[in-house]
file my_file35.pdb (PDB, C-alpha atoms)
ATOM      1  CA  MET E  21      70.662 129.933  71.494
ATOM      2  CA  ALA E  22      71.530 133.189  69.746
ATOM      3  CA  GLY E  23      69.343 135.159  72.157
ATOM      4  CA  CYS E  24      71.423 133.968  75.124
ATOM      5  CA  TRP E  25      74.732 134.744  73.430
ATOM      6  CA  LYS E  26      77.418 136.559  75.411
ATOM      7  CA  LYS E  27      80.440 138.150  73.789
ATOM      8  CA  PRO E  28      83.642 136.300  74.795
ATOM      9  CA  ASN E  29      86.424 138.306  76.373
ATOM     10  CA  VAL E  30      88.996 137.800  73.622
ATOM     11  CA  SER E  31      90.550 140.215  71.167
ATOM     12  CA  ALA E  32      93.259 140.585  68.542
ATOM     13  CA  GLY E  33      95.357 143.522  67.350
ATOM     14  CA  LYS E  34      94.250 146.321  65.041
ATOM     15  CA  ASP E  35      93.276 145.048  61.590
ATOM     16  CA  VAL E  36      93.837 141.464  62.767
ATOM     17  CA  VAL E  37      90.888 139.127  62.244
ATOM     18  CA  LEU E  38      89.922 136.980  65.208
ATOM     19  CA  LEU E  39      88.345 133.931  63.595
ATOM     20  CA  HIS E  40      85.986 132.031  65.906
ATOM     21  CA  GLN E  41      85.457 128.474  64.719
ATOM     22  CA  LEU E  42      85.143 124.823  65.665
ATOM     23  CA  ASP E  43      88.226 122.978  66.855
ATOM     24  CA  ARG E  44      90.494 121.258  64.349
ATOM     25  CA  GLY E  45      89.470 117.984  62.744
ATOM     26  CA  VAL E  46      91.289 114.699  62.227
ATOM     27  CA  PHE E  47      91.468 114.932  58.421
ATOM     28  CA  THR E  48      90.718 118.620  57.724
ATOM     29  CA  PRO E  49      91.436 121.808  59.701
ATOM     30  CA  SER E  50      87.676 122.121  60.182
ATOM     31  CA  ILE E  51      84.894 119.546  59.919
ATOM     32  CA  SER E  52      82.549 122.306  58.732
ATOM     33  CA  PRO E  53      82.842 123.687  55.192
ATOM     34  CA  PHE E  54      82.227 127.293  56.218
ATOM     35  CA  PRO E  55      85.146 127.870  58.616
ATOM     36  CA  LEU E  56      87.422 126.109  56.114
ATOM     37  CA  LYS E  57      86.131 128.423  53.373
ATOM     38  CA  LEU E  58      86.730 131.597  55.382
ATOM     39  CA  GLU E  59      90.137 130.598  56.727
ATOM     40  CA  THR E  60      91.245 129.632  53.219
ATOM     41  CA  TYR E  61      90.190 133.079  51.984
ATOM     42  CA  LEU E  62      92.164 134.761  54.792
ATOM     43  CA  ARG E  63      95.214 132.834  53.649
ATOM     44  CA  MET E  64      94.593 133.595  49.981
ATOM     45  CA  ALA E  65      94.278 137.318  50.760
ATOM     46  CA  ASN E  66      97.224 137.362  53.202
ATOM     47  CA  ILE E  67      95.029 139.000  55.835
ATOM     48  CA  PRO E  68      96.490 138.602  59.338
ATOM     49  CA  TYR E  69      94.296 136.520  61.619
ATOM     50  CA  GLU E  70      94.219 134.540  64.831
ATOM     51  CA  ASN E  71      92.020 131.578  65.693
ATOM     52  CA  ASP E  72      89.680 131.240  68.648
ATOM     53  CA  PHE E  73      88.450 127.673  69.116
ATOM     54  CA  LYS E  74      86.784 128.267  72.498
ATOM     55  CA  ASP E  75      83.770 130.238  71.283
ATOM     56  CA  PRO E  76      82.820 128.763  67.889
ATOM     57  CA  MET E  77      79.166 129.845  67.856
ATOM     58  CA  GLY E  78      78.523 133.501  67.163
ATOM     59  CA  PRO E  79      75.708 135.952  67.959
ATOM     60  CA  LYS E  80      73.539 134.447  65.209
ATOM     61  CA  GLY E  81      74.118 130.922  66.496
ATOM     62  CA  LYS E  82      76.355 130.090  63.522
ATOM     63  CA  THR E  83      79.978 129.174  62.946
ATOM     64  CA  PRO E  84      82.300 130.679  61.920
ATOM     65  CA  TRP E  85      82.099 134.285  62.980
ATOM     66  CA  MET E  86      84.802 136.894  63.325
ATOM     67  CA  THR E  87      85.834 139.924  65.318
ATOM     68  CA  LEU E  88      87.624 142.767  63.541
ATOM     69  CA  ASN E  89      88.665 145.947  65.330
ATOM     70  CA  GLY E  90      86.164 145.340  68.121
ATOM     71  CA  GLU E  91      83.170 144.565  65.897
ATOM     72  CA  ASP E  92      81.585 141.145  65.478
ATOM     73  CA  PHE E  93      80.421 139.741  62.164
ATOM     74  CA  SER E  94      78.591 136.496  61.359
ATOM     75  CA  ASP E  95      78.105 134.248  58.300
ATOM     76  CA  SER E  96      81.131 133.107  56.307
ATOM     77  CA  GLN E  97      80.001 134.771  53.078
ATOM     78  CA  LEU E  98      79.163 138.110  54.681
ATOM     79  CA  CYS E  99      82.493 138.011  56.520
ATOM     80  CA  LEU E 100      84.338 137.235  53.291
ATOM     81  CA  GLU E 101      82.658 140.081  51.425
ATOM     82  CA  LEU E 102      83.379 142.514  54.257
ATOM     83  CA  LEU E 103      87.040 141.502  54.304
ATOM     84  CA  ALA E 104      87.324 141.829  50.528
ATOM     85  CA  SER E 105      85.961 145.376  50.742
ATOM     86  CA  THR E 106      87.905 146.403  53.858
ATOM     87  CA  PHE E 107      91.286 145.105  52.720
ATOM     88  CA  GLY E 108      90.808 145.626  48.971
ATOM     89  CA  LYS E 109      91.154 141.918  48.196
ATOM     90  CA  ASP E 110      88.831 141.178  45.274
ATOM     91  CA  PHE E 111      90.077 138.120  43.388
ATOM     92  CA  SER E 112      87.090 138.124  41.031
ATOM     93  CA  SER E 113      87.547 141.602  39.557
ATOM     94  CA  HIS E 114      88.752 140.168  36.238
ATOM     95  CA  LEU E 115      85.586 138.127  35.720
ATOM     96  CA  THR E 116      82.725 139.222  33.503
ATOM     97  CA  GLU E 117      79.230 139.673  34.931
ATOM     98  CA  ALA E 118      78.225 136.385  33.318
ATOM     99  CA  GLU E 119      81.196 134.578  34.865
ATOM    100  CA  ARG E 120      80.388 136.032  38.278
ATOM    101  CA  ALA E 121      76.812 134.804  37.877
ATOM    102  CA  ILE E 122      78.004 131.302  37.010
ATOM    103  CA  GLY E 123      80.349 131.270  39.993
ATOM    104  CA  ARG E 124      77.576 132.382  42.334
ATOM    105  CA  THR E 125      75.257 129.709  40.955
ATOM    106  CA  PHE E 126      77.734 126.897  41.584
ATOM    107  CA  GLN E 127      78.544 128.231  45.038
ATOM    108  CA  ILE E 128      74.871 128.277  45.990
ATOM    109  CA  MET E 129      74.514 124.736  44.626
ATOM    110  CA  ALA E 130      77.367 123.683  46.900
ATOM    111  CA  GLU E 131      76.413 125.582  50.052
ATOM    112  CA  GLU E 132      72.627 125.418  49.896
ATOM    113  CA  HIS E 133      71.987 122.057  48.208
ATOM    114  CA  LEU E 134      74.978 119.724  48.395
ATOM    115  CA  TYR E 135      75.503 120.864  51.974
ATOM    116  CA  TRP E 136      72.260 119.182  53.027
ATOM    117  CA  VAL E 137      73.382 115.936  51.430
ATOM    118  CA  VAL E 138      76.438 116.081  53.716
ATOM    119  CA  VAL E 139      74.271 116.945  56.735
ATOM    120  CA  LEU E 140      71.921 114.033  56.129
ATOM    121  CA  TRP E 141      74.789 111.585  55.644
ATOM    122  CA  ARG E 142      76.582 112.660  58.805
ATOM    123  CA  TRP E 143      73.678 113.121  61.141
ATOM    124  CA  VAL E 144      70.788 110.997  59.904
ATOM    125  CA  TYR E 145      71.979 108.106  57.719
ATOM    126  CA  THR E 146      74.948 107.291  59.992
ATOM    127  CA  LYS E 147      73.208 108.619  63.137
ATOM    128  CA  GLY E 148      76.182 110.859  63.887
ATOM    129  CA  LYS E 149      78.622 107.957  64.250
ATOM    130  CA  THR E 150      80.999 109.174  61.523
ATOM    131  CA  LEU E 151      81.513 112.411  63.479
ATOM    132  CA  TRP E 152      83.651 110.552  65.983
ATOM    133  CA  ALA E 153      85.987 109.496  63.176
ATOM    134  CA  ILE E 154      86.594 113.057  61.953
ATOM    135  CA  GLN E 155      86.645 114.991  65.239
ATOM    136  CA  MET E 156      88.512 113.702  68.290
ATOM    137  CA  ASN E 157      87.510 116.023  71.088
ATOM    138  CA  PHE E 158      83.747 115.997  71.179
ATOM    139  CA  PRO E 159      82.614 115.936  74.825
ATOM    140  CA  ALA E 160      82.086 112.355  75.972
ATOM    141  CA  PRO E 161      78.491 113.030  77.154
ATOM    142  CA  LEU E 162      77.591 113.910  73.561
ATOM    143  CA  ARG E 163      77.363 110.185  72.813
ATOM    144  CA  PHE E 164      74.439 109.877  75.190
ATOM    145  CA  ILE E 165      72.505 112.836  73.796
ATOM    146  CA  MET E 166      73.407 112.200  70.165
ATOM    147  CA  PRO E 167      69.852 110.969  69.370
ATOM    148  CA  ILE E 168      68.569 114.431  70.334
ATOM    149  CA  PHE E 169      70.953 116.107  67.878
ATOM    150  CA  VAL E 170      70.087 113.565  65.196
ATOM    151  CA  ARG E 171      66.381 114.345  65.554
ATOM    152  CA  ARG E 172      67.117 118.072  65.504
ATOM    153  CA  MET E 173      69.207 117.849  62.326
ATOM    154  CA  LYS E 174      66.638 115.577  60.718
ATOM    155  CA  GLY E 175      63.988 118.180  61.497
ATOM    156  CA  GLN E 176      66.089 120.965  59.991
ATOM    157  CA  ALA E 177      66.719 118.923  56.834
ATOM    158  CA  SER E 178      63.008 118.184  56.560
ATOM    159  CA  ALA E 179      62.147 121.863  56.959
ATOM    160  CA  GLN E 180      64.668 122.720  54.246
ATOM    161  CA  GLY E 181      63.119 120.059  52.008
ATOM    162  CA  MET E 182      66.003 117.684  51.305
ATOM    163  CA  GLY E 183      65.186 115.572  54.339
ATOM    164  CA  ARG E 184      61.766 114.660  52.919
ATOM    165  CA  HIS E 185      63.328 112.468  50.237
ATOM    166  CA  SER E 186      64.548 108.868  50.545
ATOM    167  CA  GLN E 187      68.212 108.201  51.179
ATOM    168  CA  GLU E 188      68.600 106.858  47.640
ATOM    169  CA  GLU E 189      67.064 110.007  46.164
ATOM    170  CA  VAL E 190      69.275 112.273  48.267
ATOM    171  CA  ILE E 191      72.443 110.397  47.292
ATOM    172  CA  GLU E 192      71.490 110.659  43.627
ATOM    173  CA  MET E 193      70.897 114.413  44.025
ATOM    174  CA  GLY E 194      74.381 114.716  45.495
ATOM    175  CA  MET E 195      75.838 112.742  42.590
ATOM    176  CA  LYS E 196      74.141 115.081  40.115
ATOM    177  CA  ASP E 197      75.560 118.120  41.905
ATOM    178  CA  LEU E 198      79.060 116.649  41.821
ATOM    179  CA  ARG E 199      78.643 115.649  38.174
ATOM    180  CA  ALA E 200      77.702 119.215  37.261
ATOM    181  CA  MET E 201      80.644 120.640  39.238
ATOM    182  CA  SER E 202      83.049 118.156  37.680
ATOM    183  CA  ALA E 203      81.809 118.945  34.175
ATOM    184  CA  TYR E 204      82.180 122.691  34.690
ATOM    185  CA  LEU E 205      85.630 122.441  36.292
ATOM    186  CA  GLY E 206      86.823 120.189  33.480
ATOM    187  CA  ILE E 207      90.602 120.471  33.083
ATOM    188  CA  LYS E 208      90.810 124.001  34.520
ATOM    189  CA  PRO E 209      93.002 124.288  37.638
ATOM    190  CA  TYR E 210      90.321 126.409  39.352
ATOM    191  CA  PHE E 211      86.609 126.806  38.776
ATOM    192  CA  MET E 212      86.836 130.186  37.091
ATOM    193  CA  GLY E 213      90.077 129.623  35.226
ATOM    194  CA  ASP E 214      93.820 129.705  35.842
ATOM    195  CA  THR E 215      93.742 131.670  39.095
ATOM    196  CA  PRO E 216      91.710 131.028  42.256
ATOM    197  CA  THR E 217      88.852 133.329  43.242
ATOM    198  CA  GLU E 218      86.697 133.694  46.333
ATOM    199  CA  MET E 219      84.321 131.123  44.853
ATOM    200  CA  ASP E 220      87.096 128.520  44.928
ATOM    201  CA  CYS E 221      87.379 128.972  48.695
ATOM    202  CA  ALA E 222      83.694 128.078  49.044
ATOM    203  CA  MET E 223      83.926 125.123  46.663
ATOM    204  CA  PHE E 224      87.031 123.861  48.448
ATOM    205  CA  GLY E 225      85.328 124.112  51.833
ATOM    206  CA  MET E 226      82.410 121.988  50.680
ATOM    207  CA  LEU E 227      84.251 119.506  48.478
ATOM    208  CA  ALA E 228      86.882 118.911  51.166
ATOM    209  CA  MET E 229      84.106 117.525  53.359
ATOM    210  CA  ILE E 230      83.316 114.900  50.726
ATOM    211  CA  VAL E 231      86.940 114.096  49.889
ATOM    212  CA  TRP E 232      88.210 113.710  53.461
ATOM    213  CA  CYS E 233      85.356 113.888  55.979
ATOM    214  CA  MET E 234      82.694 111.382  54.847
ATOM    215  CA  PRO E 235      84.325 108.006  55.464
ATOM    216  CA  GLY E 236      82.315 105.136  54.011
ATOM    217  CA  SER E 237      80.003 107.389  52.011
ATOM    218  CA  PRO E 238      78.794 106.433  48.507
ATOM    219  CA  PHE E 239      80.783 109.403  47.175
ATOM    220  CA  GLU E 240      84.183 108.180  48.343
ATOM    221  CA  GLN E 241      85.040 105.967  45.378
ATOM    222  CA  HIS E 242      83.522 108.395  42.886
ATOM    223  CA  MET E 243      85.911 111.111  44.073
ATOM    224  CA  LYS E 244      88.752 108.799  43.075
ATOM    225  CA  GLY E 245      87.157 107.955  39.728
ATOM    226  CA  GLU E 246      84.446 109.887  37.923
ATOM    227  CA  PHE E 247      85.064 113.038  39.968
ATOM    228  CA  ILE E 248      88.857 112.798  40.201
ATOM    229  CA  ASN E 249      89.205 116.371  38.923
ATOM    230  CA  LEU E 250      87.275 117.595  41.970
ATOM    231  CA  LYS E 251      89.628 115.702  44.265
ATOM    232  CA  ASP E 252      92.621 117.098  42.357
ATOM    233  CA  PHE E 253      91.169 120.590  42.764
ATOM    234  CA  CYS E 254      91.009 120.042  46.543
ATOM    235  CA  GLU E 255      94.591 118.820  46.609
ATOM    236  CA  ARG E 256      95.634 121.872  44.577
ATOM    237  CA  MET E 257      93.937 124.285  46.978
ATOM    238  CA  LYS E 258      95.400 122.457  49.959
ATOM    239  CA  ASP E 259      98.928 122.575  48.551
ATOM    240  CA  GLN E 260      98.691 126.251  47.595
ATOM    241  CA  PHE E 261      97.070 127.722  50.681
ATOM    242  CA  TRP E 262      97.649 125.132  53.390
ATOM    243  CA  PRO E 263     101.354 124.173  53.363
ATOM    244  CA  ASP E 264     100.906 123.565  57.101
ATOM    245  CA  TRP E 265      97.802 121.401  56.603
ATOM    246  CA  ASN E 266      99.158 118.442  58.587
ATOM    247  CA  GLN E 267     100.119 120.707  61.481
ATOM    248  CA  CYS E 268      96.578 122.151  61.513
ATOM    249  CA  LEU E 269      94.968 118.763  62.161
ATOM    250  CA  LEU E 270      94.103 117.325  65.541
ATOM    251  CA  PRO E 271      96.201 115.454  66.354
ATOM    252  CA  PRO E 272      98.881 117.132  64.225
ATOM    253  CA  ARG E 273     100.673 114.906  61.743
ATOM    254  CA  VAL E 274     104.410 114.992  61.299
TER
END
call {"tool": "encode", "arguments": {"input": "my_file35.pdb", "output": "structure tokens"}}
result
Amino acid sequence: MAGCWKKPNVSAGKDVVLLHQLDRGVFTPSISPFPLKLETYLRMANIPYENDFKDPMGPKGKTPWMTLNGEDFSDSQLCLELLASTFGKDFSSHLTEAERAIGRTFQIMAEEHLYWVVVLWRWVYTKGKTLWAIQMNFPAPLRFIMPIFVRRMKGQASAQGMGRHSQEEVIEMGMKDLRAMSAYLGIKPYFMGDTPTEMDCAMFGMLAMIVWCMPGSPFEQHMKGEFINLKDFCERMKDQFWPDWNQCLLPPRV
């Protein structure tokens, strides 16, 4: 719990971000969209950083969080905005107010709506079983208490609202989100045009979960067909900012 949180005894150099996040995944460097978003931004902005995989949950009970020059910061978006201001790395400065508004709208759709589709698929519809396929080093006892986590995540999804719908309705909502994202991306290399912005880091974090980390989901084939441009976008982001992608998996791939 956040109230019982104790600051870990780890640090990095001056102006070096210490990024606290979950351990690496089998198919993606993180099985959570938010650490992947923030680490991708750090790479895009060429901000020096180190990873800490031992203390993934921060003072607000969320992951990722970061330490910069002795101060702790939580929430991937707040961290990103702080870094952009601190290091002068604003990749959206060329956008109009209307374009910024559109980007924010799609990002919220991804992180506050589509996210819960992913949560329900992973934790409720598959009862957490797919997690073992995408993350190797979960503690063995977790298998025995998985039903507790499933109930907890189901309760959170119900409180948010998405969990009150049938599985078929939730899947269709996810399809509509992806259809809207695919239509807006169109043939552009990035969501806001020819160059990537902070919003692309967020979209990549979320869409990467669907492309690589939801084996057997109803979305899998659609990402190779109707939503192929979204998959291509993910591949483009991976190639540009993660040349060491395979080495950042667990286990690493040669």
call {"tool": "resolve_selection", "arguments": {"input": "my_file35.pdb", "expression": "the PyMOL selection byres ((chain E and resi 246) around 12)", "output": "list in words"}}
result
Met195, Lys196, Leu198, Arg199, Ala200, Met201, Ser202, Ala203, Gly206, Phe239, Glu240, Gln241, His242, Met243, Lys244, Gly245, Phe247, Ile248, Asn249, Leu250, Lys251 and Asp252 of chain E
call {"tool": "atom_distance", "arguments": {"input": "my_file35.pdb", "atom1": "CA of Thr106 (chain E)", "atom2": "CA of Thr217 (chain E)"}}
result
16.9 Å
call {"tool": "residues_around", "arguments": {"input": "my_file35.pdb", "residues": "region 66-71 of chain E", "least_positions_apart": "6", "cutoff": "6 Å", "atoms": "all atoms listed in the file", "output": "VMD selection string"}}
result
chain E and resid 36 to 39
call {"tool": "resolve_selection", "arguments": {"input": "my_file35.pdb", "expression": "the PyMOL selection byres ((chain E and resi 215) around 12)", "output": "list in words"}}
result
Met64, Phe111, Ser112, Ser113, His114, Leu115, Lys208, Pro209, Tyr210, Phe211, Met212, Gly213, Asp214, Pro216, Thr217, Glu218, Met219, Asp220, Cys221, Phe253, Arg256, Met257 and Gln260 of chain E
call {"tool": "resolve_selection", "arguments": {"input": "my_file35.pdb", "expression": "the PyMOL selection byres ((chain E and resi 138) around 9)", "output": "list of chain:residue names"}}
result
E:Leu134, E:Tyr135, E:Trp136, E:Val137, E:Val139, E:Leu140, E:Trp141, E:Arg142, E:Trp143, E:Gly194, E:Met226, E:Met229, E:Ile230, E:Met234
call {"tool": "closest_residue", "arguments": {"input": "my_file35.pdb", "among": "E:Gly175, E:Pro272, E:Pro84, E:Pro161", "to": "Lys57 (chain E)", "atoms": "all atoms listed in the file"}}
result
E:Pro84
call {"tool": "residues_near_point", "arguments": {"input": "my_file35.pdb", "point": "(91.0, 143.1, 68.7)", "cutoff": "6 Å", "atoms": "only C-alpha atoms", "output": "MDAnalysis selection string"}}
result
chainID E and resid 31:34 89:90
call {"tool": "atom_distance", "arguments": {"input": "my_file35.pdb", "atom1": "CA of Ala65 (chain E)", "atom2": "CA of Asp197 (chain E)"}}
result
28.2 Å
call {"tool": "closest_residue", "arguments": {"input": "my_file35.pdb", "among": "E:Val170, E:His40, E:His185, E:Gly45", "to": "Asp72 (chain E)", "atoms": "all atoms listed in the file"}}
result
E:His40
call {"tool": "atom_distance", "arguments": {"input": "my_file35.pdb", "atom1": "CA of Gly181 (chain E)", "atom2": "CA of Phe158 (chain E)"}}
result
28.5 Å
call {"tool": "closest_residue", "arguments": {"input": "my_file35.pdb", "among": "E:Ile122, E:Lys258, E:Gln176, E:Pro28", "to": "Arg63 (chain E)", "atoms": "all atoms listed in the file"}}
result
E:Lys258
call {"tool": "closest_residue", "arguments": {"input": "my_file35.pdb", "among": "E:Met182, E:Trp262, E:Val30, E:Gln97", "to": "Arg124 (chain E)", "atoms": "all atoms listed in the file"}}
result
E:Gln97
